[in-house]
Amino acid sequence: MILELLSVRGQRMSELLAPYRSRYFISGEINSEVSDQQAKLEALSERYADAYQYRLDGLSVEYDAWHFNVRPSNTEPLLRLCLESLRSREDMERRRDEVLAVIRA
């Protein structure tokens with residue numbers, strides 16, 4: 001489907017994604033080595049207990065203007081964080097750093 005869109009519109013992938021990148025501020029995947037993945041997931045769940053949460057793939061936490069997912073690696077002692085904000089790059093960076101502080105504490 002993506003290849004068809006690229007072909008039909010005659011655009012590069014970066015051009016197709018530009019409207020979304022200007023609207024959504026995304027951390028990208030950030031890996032943190034931890035000794036106890038489950039304990040860190042529980043600490044995050046408690047810290048963000050006021051948000052909507054679900055555990056389809058790790059822990060997902062959702063607020064109206066931002067959300068994140070932290071999932072354990074199956075092969076390494078890592079947690080993988082992806083965070084998005086609808087407000088601004090600065091808001092994404094602040095919230096990313098806040099979540100990482102819990103993970104890396």
# chains A, B, ... in the order shown; residues from 1 in each chain; ligands from 1
$ select_by_dssp --residues "chain A" --states "helix (DSSP H, G or I)" --output "number ranges by chain"
A: 2-9, 13-21, 37-47, 89-104
$ residues_around --residues "A:Leu41" --least-positions-apart "2" --cutoff "12 Å" --atoms "only C-alpha atoms" --output "PyMOL selection string"
chain A and resi 34-39+43-49+53-55+57-61+69-72+78-81+99-100+102-104
$ atom_distance --atom1 "atom CA of A:Ile26" --atom2 "atom CA of A:Leu83"
5.9 Å
$ closest_residue --among "A:Glu33, A:Glu15, A:Asp64, A:Asp50" --to "A:Arg87" --atoms "only C-alpha atoms"
A:Asp64
$ select_by_dssp --residues "chain A" --states "strand (DSSP E or B)" --output "VMD selection string"
chain A and resid 25 to 26 30 to 33 52 to 54 59 to 62 66 to 72 78 to 85
$ atom_distance --atom1 "atom CA of A:Cys82" --atom2 "atom CA of A:Gln11"
27.1 Å
$ atom_distance --atom1 "atom CA of A:Glu90" --atom2 "atom CA of A:Met13"
25.2 Å
$ residues_around --residues "stretch 21-25 of chain A" --least-positions-apart "4" --cutoff "7 Å" --atoms "only C-alpha atoms" --output "ChimeraX atom specification"
/A:17,84-86,88-89,92
$ decode --residues "stretch 26-51 of chain A" --atoms "N, CA, C and O atoms" --output "PDB file, in the first residue's frame"
ATOM      1  N   ILE A  26       7.787  12.863  18.161  1.00  0.00           N
ATOM      2  CA  ILE A  26       8.039  11.469  18.508  1.00  0.00           C
ATOM      3  C   ILE A  26       9.478  11.292  18.991  1.00  0.00           C
ATOM      4  O   ILE A  26      10.409  11.774  18.359  1.00  0.00           O
ATOM      5  N   SER A  27       9.617  10.576  20.088  1.00  0.00           N
ATOM      6  CA  SER A  27      10.943  10.356  20.658  1.00  0.00           C
ATOM      7  C   SER A  27      11.784   9.380  19.839  1.00  0.00           C
ATOM      8  O   SER A  27      13.007   9.432  19.882  1.00  0.00           O
ATOM      9  N   GLY A  28      11.140   8.467  19.127  1.00  0.00           N
ATOM     10  CA  GLY A  28      11.869   7.346  18.546  1.00  0.00           C
ATOM     11  C   GLY A  28      12.089   6.320  19.650  1.00  0.00           C
ATOM     12  O   GLY A  28      11.799   6.578  20.819  1.00  0.00           O
ATOM     13  N   GLU A  29      12.590   5.171  19.298  1.00  0.00           N
ATOM     14  CA  GLU A  29      12.802   4.115  20.296  1.00  0.00           C
ATOM     15  C   GLU A  29      14.079   4.384  21.089  1.00  0.00           C
ATOM     16  O   GLU A  29      15.136   4.594  20.517  1.00  0.00           O
ATOM     17  N   ILE A  30      13.931   4.386  22.401  1.00  0.00           N
ATOM     18  CA  ILE A  30      15.058   4.621  23.305  1.00  0.00           C
ATOM     19  C   ILE A  30      15.209   3.395  24.193  1.00  0.00           C
ATOM     20  O   ILE A  30      14.286   3.024  24.912  1.00  0.00           O
ATOM     21  N   ASN A  31      16.378   2.775  24.140  1.00  0.00           N
ATOM     22  CA  ASN A  31      16.649   1.572  24.919  1.00  0.00           C
ATOM     23  C   ASN A  31      17.366   1.921  26.213  1.00  0.00           C
ATOM     24  O   ASN A  31      18.281   2.737  26.214  1.00  0.00           O
ATOM     25  N   SER A  32      16.922   1.284  27.302  1.00  0.00           N
ATOM     26  CA  SER A  32      17.563   1.446  28.609  1.00  0.00           C
ATOM     27  C   SER A  32      17.805   0.073  29.209  1.00  0.00           C
ATOM     28  O   SER A  32      16.879  -0.746  29.289  1.00  0.00           O
ATOM     29  N   GLU A  33      19.026  -0.159  29.642  1.00  0.00           N
ATOM     30  CA  GLU A  33      19.342  -1.432  30.292  1.00  0.00           C
ATOM     31  C   GLU A  33      18.845  -1.387  31.732  1.00  0.00           C
ATOM     32  O   GLU A  33      19.093  -0.421  32.447  1.00  0.00           O
ATOM     33  N   VAL A  34      18.132  -2.427  32.127  1.00  0.00           N
ATOM     34  CA  VAL A  34      17.588  -2.522  33.490  1.00  0.00           C
ATOM     35  C   VAL A  34      17.816  -3.936  34.022  1.00  0.00           C
ATOM     36  O   VAL A  34      17.922  -4.893  33.259  1.00  0.00           O
ATOM     37  N   SER A  35      17.873  -4.039  35.337  1.00  0.00           N
ATOM     38  CA  SER A  35      18.095  -5.368  35.915  1.00  0.00           C
ATOM     39  C   SER A  35      16.786  -6.128  36.132  1.00  0.00           C
ATOM     40  O   SER A  35      16.776  -7.347  36.136  1.00  0.00           O
ATOM     41  N   ASP A  36      15.674  -5.396  36.319  1.00  0.00           N
ATOM     42  CA  ASP A  36      14.387  -6.044  36.563  1.00  0.00           C
ATOM     43  C   ASP A  36      13.313  -5.337  35.735  1.00  0.00           C
ATOM     44  O   ASP A  36      12.741  -4.332  36.154  1.00  0.00           O
ATOM     45  N   GLN A  37      13.047  -5.873  34.560  1.00  0.00           N
ATOM     46  CA  GLN A  37      12.095  -5.264  33.637  1.00  0.00           C
ATOM     47  C   GLN A  37      10.707  -5.113  34.262  1.00  0.00           C
ATOM     48  O   GLN A  37      10.075  -4.056  34.166  1.00  0.00           O
ATOM     49  N   GLN A  38      10.228  -6.162  34.879  1.00  0.00           N
ATOM     50  CA  GLN A  38       8.874  -6.141  35.439  1.00  0.00           C
ATOM     51  C   GLN A  38       8.742  -5.112  36.548  1.00  0.00           C
ATOM     52  O   GLN A  38       7.735  -4.402  36.631  1.00  0.00           O
ATOM     53  N   ALA A  39       9.733  -4.985  37.406  1.00  0.00           N
ATOM     54  CA  ALA A  39       9.691  -3.997  38.491  1.00  0.00           C
ATOM     55  C   ALA A  39       9.623  -2.587  37.927  1.00  0.00           C
ATOM     56  O   ALA A  39       8.885  -1.736  38.451  1.00  0.00           O
ATOM     57  N   LYS A  40      10.341  -2.319  36.862  1.00  0.00           N
ATOM     58  CA  LYS A  40      10.314  -0.984  36.239  1.00  0.00           C
ATOM     59  C   LYS A  40       8.959  -0.710  35.594  1.00  0.00           C
ATOM     60  O   LYS A  40       8.428   0.390  35.685  1.00  0.00           O
ATOM     61  N   LEU A  41       8.386  -1.731  34.968  1.00  0.00           N
ATOM     62  CA  LEU A  41       7.046  -1.555  34.394  1.00  0.00           C
ATOM     63  C   LEU A  41       6.027  -1.240  35.484  1.00  0.00           C
ATOM     64  O   LEU A  41       5.152  -0.387  35.308  1.00  0.00           O
ATOM     65  N   GLU A  42       6.138  -1.913  36.616  1.00  0.00           N
ATOM     66  CA  GLU A  42       5.225  -1.651  37.727  1.00  0.00           C
ATOM     67  C   GLU A  42       5.437  -0.245  38.296  1.00  0.00           C
ATOM     68  O   GLU A  42       4.480   0.442  38.645  1.00  0.00           O
ATOM     69  N   ALA A  43       6.692   0.195  38.389  1.00  0.00           N
ATOM     70  CA  ALA A  43       6.976   1.546  38.878  1.00  0.00           C
ATOM     71  C   ALA A  43       6.370   2.594  37.944  1.00  0.00           C
ATOM     72  O   ALA A  43       5.795   3.596  38.398  1.00  0.00           O
ATOM     73  N   LEU A  44       6.459   2.363  36.644  1.00  0.00           N
ATOM     74  CA  LEU A  44       5.848   3.285  35.683  1.00  0.00           C
ATOM     75  C   LEU A  44       4.328   3.271  35.796  1.00  0.00           C
ATOM     76  O   LEU A  44       3.681   4.318  35.755  1.00  0.00           O
ATOM     77  N   SER A  45       3.759   2.089  35.960  1.00  0.00           N
ATOM     78  CA  SER A  45       2.313   1.967  36.093  1.00  0.00           C
ATOM     79  C   SER A  45       1.814   2.731  37.317  1.00  0.00           C
ATOM     80  O   SER A  45       0.794   3.427  37.253  1.00  0.00           O
ATOM     81  N   GLU A  46       2.526   2.640  38.402  1.00  0.00           N
ATOM     82  CA  GLU A  46       2.155   3.369  39.620  1.00  0.00           C
ATOM     83  C   GLU A  46       2.340   4.878  39.445  1.00  0.00           C
ATOM     84  O   GLU A  46       1.492   5.665  39.843  1.00  0.00           O
ATOM     85  N   ARG A  47       3.449   5.280  38.834  1.00  0.00           N
ATOM     86  CA  ARG A  47       3.734   6.709  38.647  1.00  0.00           C
ATOM     87  C   ARG A  47       2.687   7.381  37.772  1.00  0.00           C
ATOM     88  O   ARG A  47       2.311   8.513  37.975  1.00  0.00           O
ATOM     89  N   TYR A  48       2.182   6.671  36.772  1.00  0.00           N
ATOM     90  CA  TYR A  48       1.208   7.233  35.834  1.00  0.00           C
ATOM     91  C   TYR A  48      -0.170   6.592  36.008  1.00  0.00           C
ATOM     92  O   TYR A  48      -0.896   6.391  35.043  1.00  0.00           O
ATOM     93  N   ALA A  49      -0.526   6.317  37.245  1.00  0.00           N
ATOM     94  CA  ALA A  49      -1.789   5.638  37.564  1.00  0.00           C
ATOM     95  C   ALA A  49      -3.017   6.452  37.165  1.00  0.00           C
ATOM     96  O   ALA A  49      -4.100   5.887  36.993  1.00  0.00           O
ATOM     97  N   ASP A  50      -2.869   7.770  37.012  1.00  0.00           N
ATOM     98  CA  ASP A  50      -4.013   8.609  36.650  1.00  0.00           C
ATOM     99  C   ASP A  50      -4.328   8.564  35.152  1.00  0.00           C
ATOM    100  O   ASP A  50      -5.321   9.125  34.707  1.00  0.00           O
ATOM    101  N   ALA A  51      -3.520   7.864  34.366  1.00  0.00           N
ATOM    102  CA  ALA A  51      -3.727   7.775  32.921  1.00  0.00           C
ATOM    103  C   ALA A  51      -4.417   6.469  32.556  1.00  0.00           C
ATOM    104  O   ALA A  51      -4.450   5.525  33.345  1.00  0.00           O
TER     105      ALA A  51
END
